[in-house]
Amino acid sequence: ENAAKEVCKFMLYQQQRQIAVRDTKRTNDTMLRDRDGRTFRDVAVITDEKMVEILERDDEVTKEDILSITLHPFSEESLSFYANQGLLPLKSVEEVAARVKAFNKENEEIAFSDEIAVQFMLGVSSHHAGQLAAHKAFVESLFQSQLMKVVFATETLAAGINMPARTTVICSMSKRGDGASMNLLETSNLLQMAGRAGRRGMDSDGTCVIVATPFEGPEDAASILLSEIKPISSQFSPSYTLALNLIARGAGKLDVARDLVQKSFAMWEKRQLE
C-alpha cells in the first residue's frame, strides 16, 4: 500500500510519461516484429537529449492543482487531471469514479477514503491480506475490467484469483518466514506469481521480470526456477471449535461436518491412494 502511495505521488508531481508520449513522434518504421509475431522497437523511443529535456523541465503540477484534488476529488476538473497524469483515459477514470461513489454510498461504514479513491482513479492500487475482503474484491473487479493498470500485491494475489496481467514484476525473491527469518520463495510460489503474466484471449505471451536485490542475484533466481516443485499436502486440521460449529450448523447432526470432510483435499489424497 505504501508503494502504491509513492507511485501516486510520483504521478502527481512528475510529467515524464506525458511529455514522452506527447513530444516523441512514433512511426511505423521504428517497430520490428520477431518470428513469433511479437513487436518491439529497434531503438530507444526517448533519446538522451529528450531525457535531459524531461528531467530539466519545470514541474507543471501546481499547488492549486493539488489543493483542488484534495478538496474536490470527484470534480470534472479533478477527473481530467487524473486522466492527464495517471494511467487511465478519461472515460475509464469516470467509470472508476462512478464505481467508487456507488460503493461508498452502499457501504458507508467501510467507505474508501479520498486518498485511496484518488489512487484508483490514477489506475494504481494495492492488494494484500490486511485489507477488508470487500475492498480486495473491489480492487479485483477493477483490475479484471481493465480499469486498473498497476497493482502492488503480495503473493496471495496469485493464488486462486483470476487476475491475469500482461507483465508481472517480482520485486523480491525472498519473504519473511517464521521467527522473522528471510527465506527464498518456494519454486511453486514463484511460478504461480509468474503465471499471472499473459491474459488469455488478449496477449500472445506474458512477461515476468524478476528483480535482483543487494541480497539476491541471478544465482538465487536460477536455484528457485530450476528446483523441483514440492508436492502439495493437505493442511486441513480440524479443531474442537470447528467441530462444534459444524455440528451446530447441522442442527446436532453430522451431515454438514461429513460433507465438509469429504470435500477436503485430504480426503482426495486418501482416495487417490486407495
# chains A, B, ... in the order shown; residues from 1 in each chain; ligands from 1
call {"tool": "residues_around", "arguments": {"residues": "Trp268 (chain A)", "least_positions_apart": "6", "cutoff": "12 Å", "atoms": "only C-alpha atoms", "output": "JSON, numbers by chain"}}
result
{"A": [232, 233, 234, 236, 260, 261, 262, 274]}
call {"tool": "write_last_selection", "arguments": {"atoms": "all heavy atoms", "output": "PDB file, in the first residue's frame"}}
result
ATOM      1  N   ILE A 232       2.181 -31.063  -3.101  1.00  0.00           N
ATOM      2  CA  ILE A 232       1.179 -30.372  -2.297  1.00  0.00           C
ATOM      3  C   ILE A 232       0.595 -31.355  -1.290  1.00  0.00           C
ATOM      4  O   ILE A 232       0.198 -32.466  -1.647  1.00  0.00           O
ATOM      5  CB  ILE A 232       0.064 -29.801  -3.177  1.00  0.00           C
ATOM      6  CG1 ILE A 232       0.650 -28.815  -4.197  1.00  0.00           C
ATOM      7  CG2 ILE A 232      -0.999 -29.120  -2.340  1.00  0.00           C
ATOM      8  CD1 ILE A 232      -0.369 -28.309  -5.193  1.00  0.00           C
ATOM      9  N   SER A 233       0.535 -30.955  -0.031  1.00  0.00           N
ATOM     10  CA  SER A 233      -0.045 -31.790   1.011  1.00  0.00           C
ATOM     11  C   SER A 233      -1.164 -31.030   1.709  1.00  0.00           C
ATOM     12  O   SER A 233      -1.136 -29.792   1.797  1.00  0.00           O
ATOM     13  CB  SER A 233       1.020 -32.215   2.024  1.00  0.00           C
ATOM     14  OG  SER A 233       1.621 -31.073   2.625  1.00  0.00           O
ATOM     15  N   SER A 234      -2.128 -31.751   2.202  1.00  0.00           N
ATOM     16  CA  SER A 234      -3.279 -31.126   2.855  1.00  0.00           C
ATOM     17  C   SER A 234      -2.873 -30.450   4.158  1.00  0.00           C
ATOM     18  O   SER A 234      -2.072 -30.983   4.932  1.00  0.00           O
ATOM     19  CB  SER A 234      -4.352 -32.186   3.143  1.00  0.00           C
ATOM     20  OG  SER A 234      -5.402 -31.621   3.906  1.00  0.00           O
ATOM     21  N   PHE A 236      -5.423 -29.338   6.108  1.00  0.00           N
ATOM     22  CA  PHE A 236      -6.695 -29.366   6.823  1.00  0.00           C
ATOM     23  C   PHE A 236      -6.492 -29.972   8.213  1.00  0.00           C
ATOM     24  O   PHE A 236      -6.073 -31.126   8.344  1.00  0.00           O
ATOM     25  CB  PHE A 236      -7.718 -30.186   6.037  1.00  0.00           C
ATOM     26  CG  PHE A 236      -9.089 -30.220   6.668  1.00  0.00           C
ATOM     27  CD1 PHE A 236      -9.780 -29.052   6.901  1.00  0.00           C
ATOM     28  CD2 PHE A 236      -9.663 -31.432   7.017  1.00  0.00           C
ATOM     29  CE1 PHE A 236     -11.041 -29.083   7.476  1.00  0.00           C
ATOM     30  CE2 PHE A 236     -10.926 -31.480   7.594  1.00  0.00           C
ATOM     31  CZ  PHE A 236     -11.618 -30.294   7.824  1.00  0.00           C
ATOM     32  N   LEU A 260     -18.234 -31.554   4.614  1.00  0.00           N
ATOM     33  CA  LEU A 260     -17.026 -30.728   4.564  1.00  0.00           C
ATOM     34  C   LEU A 260     -15.774 -31.597   4.492  1.00  0.00           C
ATOM     35  O   LEU A 260     -14.869 -31.343   3.689  1.00  0.00           O
ATOM     36  CB  LEU A 260     -16.963 -29.809   5.785  1.00  0.00           C
ATOM     37  CG  LEU A 260     -15.704 -28.930   5.888  1.00  0.00           C
ATOM     38  CD1 LEU A 260     -15.663 -27.936   4.728  1.00  0.00           C
ATOM     39  CD2 LEU A 260     -15.653 -28.187   7.214  1.00  0.00           C
ATOM     40  N   VAL A 261     -15.732 -32.635   5.310  1.00  0.00           N
ATOM     41  CA  VAL A 261     -14.566 -33.511   5.325  1.00  0.00           C
ATOM     42  C   VAL A 261     -14.421 -34.237   3.989  1.00  0.00           C
ATOM     43  O   VAL A 261     -13.313 -34.388   3.451  1.00  0.00           O
ATOM     44  CB  VAL A 261     -14.671 -34.521   6.486  1.00  0.00           C
ATOM     45  CG1 VAL A 261     -13.550 -35.554   6.387  1.00  0.00           C
ATOM     46  CG2 VAL A 261     -14.607 -33.802   7.823  1.00  0.00           C
ATOM     47  N   GLN A 262     -15.532 -34.659   3.415  1.00  0.00           N
ATOM     48  CA  GLN A 262     -15.487 -35.373   2.141  1.00  0.00           C
ATOM     49  C   GLN A 262     -14.977 -34.478   1.010  1.00  0.00           C
ATOM     50  O   GLN A 262     -14.385 -34.965   0.045  1.00  0.00           O
ATOM     51  CB  GLN A 262     -16.881 -35.904   1.791  1.00  0.00           C
ATOM     52  CG  GLN A 262     -17.345 -37.050   2.669  1.00  0.00           C
ATOM     53  CD  GLN A 262     -16.471 -38.291   2.521  1.00  0.00           C
ATOM     54  OE1 GLN A 262     -15.920 -38.566   1.457  1.00  0.00           O
ATOM     55  NE2 GLN A 262     -16.342 -39.058   3.604  1.00  0.00           N
ATOM     56  N   GLU A 274      -6.103 -45.117  -2.600  1.00  0.00           N
ATOM     57  CA  GLU A 274      -6.881 -46.360  -2.498  1.00  0.00           C
ATOM     58  C   GLU A 274      -6.911 -47.114  -3.813  1.00  0.00           C
ATOM     59  O   GLU A 274      -6.826 -46.563  -4.876  1.00  0.00           O
ATOM     60  CB  GLU A 274      -8.290 -46.031  -2.027  1.00  0.00           C
ATOM     61  CG  GLU A 274      -8.328 -45.517  -0.590  1.00  0.00           C
ATOM     62  CD  GLU A 274      -9.748 -45.129  -0.174  1.00  0.00           C
ATOM     63  OE1 GLU A 274     -10.656 -45.126  -1.052  1.00  0.00           O
ATOM     64  OE2 GLU A 274      -9.952 -44.815   1.003  1.00  0.00           O
TER      65      GLU A 274
END
call {"tool": "residues_around", "arguments": {"residues": "Leu147 (chain A)", "least_positions_apart": "3", "cutoff": "12 Å", "atoms": "only C-alpha atoms", "output": "VMD selection string"}}
result
chain A and resid 86 to 100 119 to 125 138 to 144 150 to 151
call {"tool": "write_last_selection", "arguments": {"atoms": "N, CA, C and O atoms", "output": "compact mmCIF listing (two decimals), in the first residue's frame"}}
result
# COMPACT_ATOMS: atom_id res chain seq x y z
N GLY A 86 -2.41 10.23 -14.87
CA GLY A 86 -2.40 8.82 -14.50
C GLY A 86 -2.28 7.86 -15.66
O GLY A 86 -1.78 8.21 -16.73
N LEU A 87 -2.78 6.66 -15.46
CA LEU A 87 -2.62 5.58 -16.43
C LEU A 87 -3.90 5.25 -17.18
O LEU A 87 -3.88 4.37 -18.04
N LEU A 88 -4.99 5.94 -16.87
CA LEU A 88 -6.27 5.63 -17.49
C LEU A 88 -6.77 6.78 -18.35
O LEU A 88 -6.53 7.95 -18.03
N PRO A 89 -7.49 6.46 -19.44
CA PRO A 89 -8.13 7.54 -20.22
C PRO A 89 -9.31 8.10 -19.44
O PRO A 89 -9.79 7.51 -18.47
N LEU A 90 -9.80 9.24 -19.90
CA LEU A 90 -10.85 9.95 -19.17
C LEU A 90 -12.10 9.10 -18.98
O LEU A 90 -12.69 9.08 -17.90
N LYS A 91 -12.51 8.37 -20.01
CA LYS A 91 -13.71 7.55 -19.91
C LYS A 91 -13.56 6.51 -18.81
O LYS A 91 -14.51 6.25 -18.04
N SER A 92 -12.40 5.90 -18.71
CA SER A 92 -12.16 4.89 -17.67
C SER A 92 -12.11 5.53 -16.29
O SER A 92 -12.60 4.96 -15.31
N VAL A 93 -11.52 6.73 -16.21
CA VAL A 93 -11.47 7.44 -14.93
C VAL A 93 -12.89 7.73 -14.44
O VAL A 93 -13.21 7.55 -13.25
N GLU A 94 -13.76 8.15 -15.34
CA GLU A 94 -15.15 8.43 -14.98
C GLU A 94 -15.86 7.17 -14.51
O GLU A 94 -16.66 7.20 -13.56
N GLU A 95 -15.57 6.03 -15.15
CA GLU A 95 -16.17 4.77 -14.74
C GLU A 95 -15.70 4.36 -13.34
O GLU A 95 -16.50 3.92 -12.50
N VAL A 96 -14.40 4.53 -13.07
CA VAL A 96 -13.86 4.21 -11.76
C VAL A 96 -14.49 5.11 -10.70
O VAL A 96 -14.88 4.65 -9.62
N ALA A 97 -14.60 6.40 -11.01
CA ALA A 97 -15.20 7.34 -10.06
C ALA A 97 -16.63 6.95 -9.73
O ALA A 97 -17.06 7.01 -8.57
N ALA A 98 -17.38 6.56 -10.75
CA ALA A 98 -18.77 6.14 -10.53
C ALA A 98 -18.84 4.90 -9.65
O ALA A 98 -19.70 4.81 -8.76
N ARG A 99 -17.94 3.95 -9.87
CA ARG A 99 -17.95 2.73 -9.06
C ARG A 99 -17.56 3.02 -7.61
O ARG A 99 -18.13 2.45 -6.68
N VAL A 100 -16.59 3.90 -7.41
CA VAL A 100 -16.17 4.24 -6.05
C VAL A 100 -17.31 4.93 -5.31
O VAL A 100 -17.60 4.61 -4.14
N GLN A 119 -6.06 7.11 -5.78
CA GLN A 119 -5.19 6.06 -6.32
C GLN A 119 -5.92 5.24 -7.37
O GLN A 119 -5.37 4.96 -8.44
N PHE A 120 -7.18 4.88 -7.07
CA PHE A 120 -7.96 4.12 -8.04
C PHE A 120 -8.10 4.87 -9.35
O PHE A 120 -7.95 4.30 -10.43
N MET A 121 -8.41 6.16 -9.26
CA MET A 121 -8.66 6.95 -10.47
C MET A 121 -7.38 7.25 -11.24
O MET A 121 -7.44 7.62 -12.42
N LEU A 122 -6.24 7.06 -10.60
CA LEU A 122 -4.96 7.16 -11.30
C LEU A 122 -4.55 5.83 -11.92
O LEU A 122 -3.57 5.74 -12.64
N GLY A 123 -5.32 4.78 -11.62
CA GLY A 123 -5.04 3.47 -12.19
C GLY A 123 -4.09 2.62 -11.40
O GLY A 123 -3.51 1.68 -11.92
N VAL A 124 -3.95 2.93 -10.09
CA VAL A 124 -2.99 2.23 -9.24
C VAL A 124 -3.67 1.82 -7.95
O VAL A 124 -4.53 2.54 -7.43
N SER A 125 -3.29 0.65 -7.41
CA SER A 125 -3.82 0.25 -6.11
C SER A 125 -2.93 -0.83 -5.50
O SER A 125 -1.90 -1.20 -6.06
N PHE A 138 -13.18 -5.31 -4.53
CA PHE A 138 -13.35 -4.12 -5.38
C PHE A 138 -12.14 -3.92 -6.28
O PHE A 138 -12.27 -3.64 -7.48
N VAL A 139 -10.95 -4.06 -5.70
CA VAL A 139 -9.72 -3.93 -6.49
C VAL A 139 -9.68 -5.00 -7.58
O VAL A 139 -9.33 -4.72 -8.73
N GLU A 140 -10.05 -6.22 -7.23
CA GLU A 140 -10.06 -7.31 -8.21
C GLU A 140 -11.02 -7.02 -9.36
O GLU A 140 -10.70 -7.29 -10.53
N SER A 141 -12.19 -6.46 -9.04
CA SER A 141 -13.17 -6.17 -10.09
C SER A 141 -12.66 -5.09 -11.03
O SER A 141 -12.87 -5.17 -12.25
N LEU A 142 -11.98 -4.07 -10.48
CA LEU A 142 -11.42 -3.02 -11.33
C LEU A 142 -10.34 -3.58 -12.25
O LEU A 142 -10.28 -3.27 -13.44
N PHE A 143 -9.49 -4.43 -11.69
CA PHE A 143 -8.39 -4.99 -12.47
C PHE A 143 -8.92 -5.89 -13.58
O PHE A 143 -8.43 -5.85 -14.72
N GLN A 144 -9.89 -6.72 -13.25
CA GLN A 144 -10.45 -7.63 -14.24
C GLN A 144 -11.19 -6.87 -15.34
O GLN A 144 -11.28 -7.36 -16.47
N VAL A 150 -1.94 -0.98 -12.61
CA VAL A 150 -0.84 -1.44 -11.75
C VAL A 150 -1.41 -1.83 -10.39
O VAL A 150 -2.15 -1.06 -9.78
N VAL A 151 -1.07 -3.03 -9.93
CA VAL A 151 -1.48 -3.49 -8.60
C VAL A 151 -0.24 -3.96 -7.85
O VAL A 151 0.47 -4.85 -8.32
call {"tool": "select_by_dssp", "arguments": {"residues": "region 53-202 of chain A", "states": "alpha helix (DSSP H)", "output": "PyMOL selection string"}}
result
chain A and resi 53-56+63-71+76-85+90-106+114-121+133-144+187-194
call {"tool": "closest_residue", "arguments": {"among": "A:Ser172, A:Phe152, A:Gln192, A:Asn107", "to": "Asp220 (chain A)", "atoms": "only C-alpha atoms"}}
result
A:Ser172
call {"tool": "closest_residue", "arguments": {"among": "A:Asn183, A:Ser227, A:Ser80, A:Thr213", "to": "Ile170 (chain A)", "atoms": "only C-alpha atoms"}}
result
A:Thr213
call {"tool": "residues_around", "arguments": {"residues": "Glu216 (chain A)", "least_positions_apart": "5", "cutoff": "9 Å", "atoms": "only C-alpha atoms", "output": "ChimeraX atom specification"}}
result
/A:172-174,184,211,221
call {"tool": "write_last_selection", "arguments": {"atoms": "all heavy atoms", "output": "compact mmCIF listing (two decimals), in the first residue's frame"}}
result
# COMPACT_ATOMS: atom_id res chain seq x y z
N SER A 172 11.10 -9.12 -5.08
CA SER A 172 11.99 -9.79 -4.13
C SER A 172 11.83 -11.29 -4.28
O SER A 172 10.73 -11.79 -4.46
CB SER A 172 11.69 -9.35 -2.70
OG SER A 172 12.48 -10.07 -1.77
N MET A 173 12.93 -12.00 -4.17
CA MET A 173 12.89 -13.45 -4.28
C MET A 173 12.85 -14.13 -2.92
O MET A 173 13.01 -15.33 -2.80
CB MET A 173 14.10 -13.95 -5.07
CG MET A 173 14.00 -13.65 -6.55
SD MET A 173 15.48 -14.17 -7.44
CE MET A 173 16.54 -12.73 -7.22
N SER A 174 12.65 -13.36 -1.87
CA SER A 174 12.56 -13.92 -0.53
C SER A 174 11.42 -13.26 0.22
O SER A 174 10.92 -12.21 -0.17
CB SER A 174 13.87 -13.71 0.23
OG SER A 174 14.13 -12.32 0.39
N LEU A 184 14.10 -17.84 0.88
CA LEU A 184 13.81 -17.75 -0.55
C LEU A 184 12.42 -18.28 -0.85
O LEU A 184 11.91 -19.16 -0.15
CB LEU A 184 14.85 -18.54 -1.35
CG LEU A 184 16.26 -17.95 -1.44
CD1 LEU A 184 17.17 -18.90 -2.21
CD2 LEU A 184 16.25 -16.57 -2.09
N VAL A 211 13.37 -9.11 -10.20
CA VAL A 211 14.28 -8.02 -9.86
C VAL A 211 15.36 -8.51 -8.91
O VAL A 211 15.06 -9.13 -7.88
CB VAL A 211 13.51 -6.84 -9.21
CG1 VAL A 211 14.46 -5.70 -8.86
CG2 VAL A 211 12.41 -6.35 -10.15
N ALA A 221 17.86 -16.76 -8.37
CA ALA A 221 16.74 -16.92 -9.30
C ALA A 221 16.82 -18.26 -10.01
O ALA A 221 15.81 -18.98 -10.14
CB ALA A 221 16.73 -15.78 -10.31
call {"tool": "atom_distance", "arguments": {"atom1": "CA of Leu157 (chain A)", "atom2": "CA of Met267 (chain A)"}}
result
26.4 Å
call {"tool": "residues_around", "arguments": {"residues": "Leu246 (chain A)", "least_positions_apart": "4", "cutoff": "9 Å", "atoms": "only C-alpha atoms", "output": "PyMOL selection string"}}
result
chain A and resi 241-242+250-257+260
call {"tool": "select_by_dssp", "arguments": {"residues": "region 166-223 of chain A", "states": "strand (DSSP E or B)", "output": "number ranges by chain"}}
result
A: 167-170, 174-176, 182-184, 197, 207-210, 213, 216
call {"tool": "atom_distance", "arguments": {"atom1": "CA of Ser126 (chain A)", "atom2": "CA of Ile210 (chain A)"}}
result
19.1 Å
call {"tool": "closest_residue", "arguments": {"among": "A:Ile69, A:Leu79, A:Val169, A:Val118", "to": "Arg196 (chain A)", "atoms": "only C-alpha atoms"}}
result
A:Val169
call {"tool": "atom_distance", "arguments": {"atom1": "CA of Gly198 (chain A)", "atom2": "CA of Pro214 (chain A)"}}
result
28.6 Å
call {"tool": "residues_around", "arguments": {"residues": "Arg199 (chain A)", "least_positions_apart": "4", "cutoff": "9 Å", "atoms": "only C-alpha atoms", "output": "PyMOL selection string"}}
result
chain A and resi 163-166+203-206
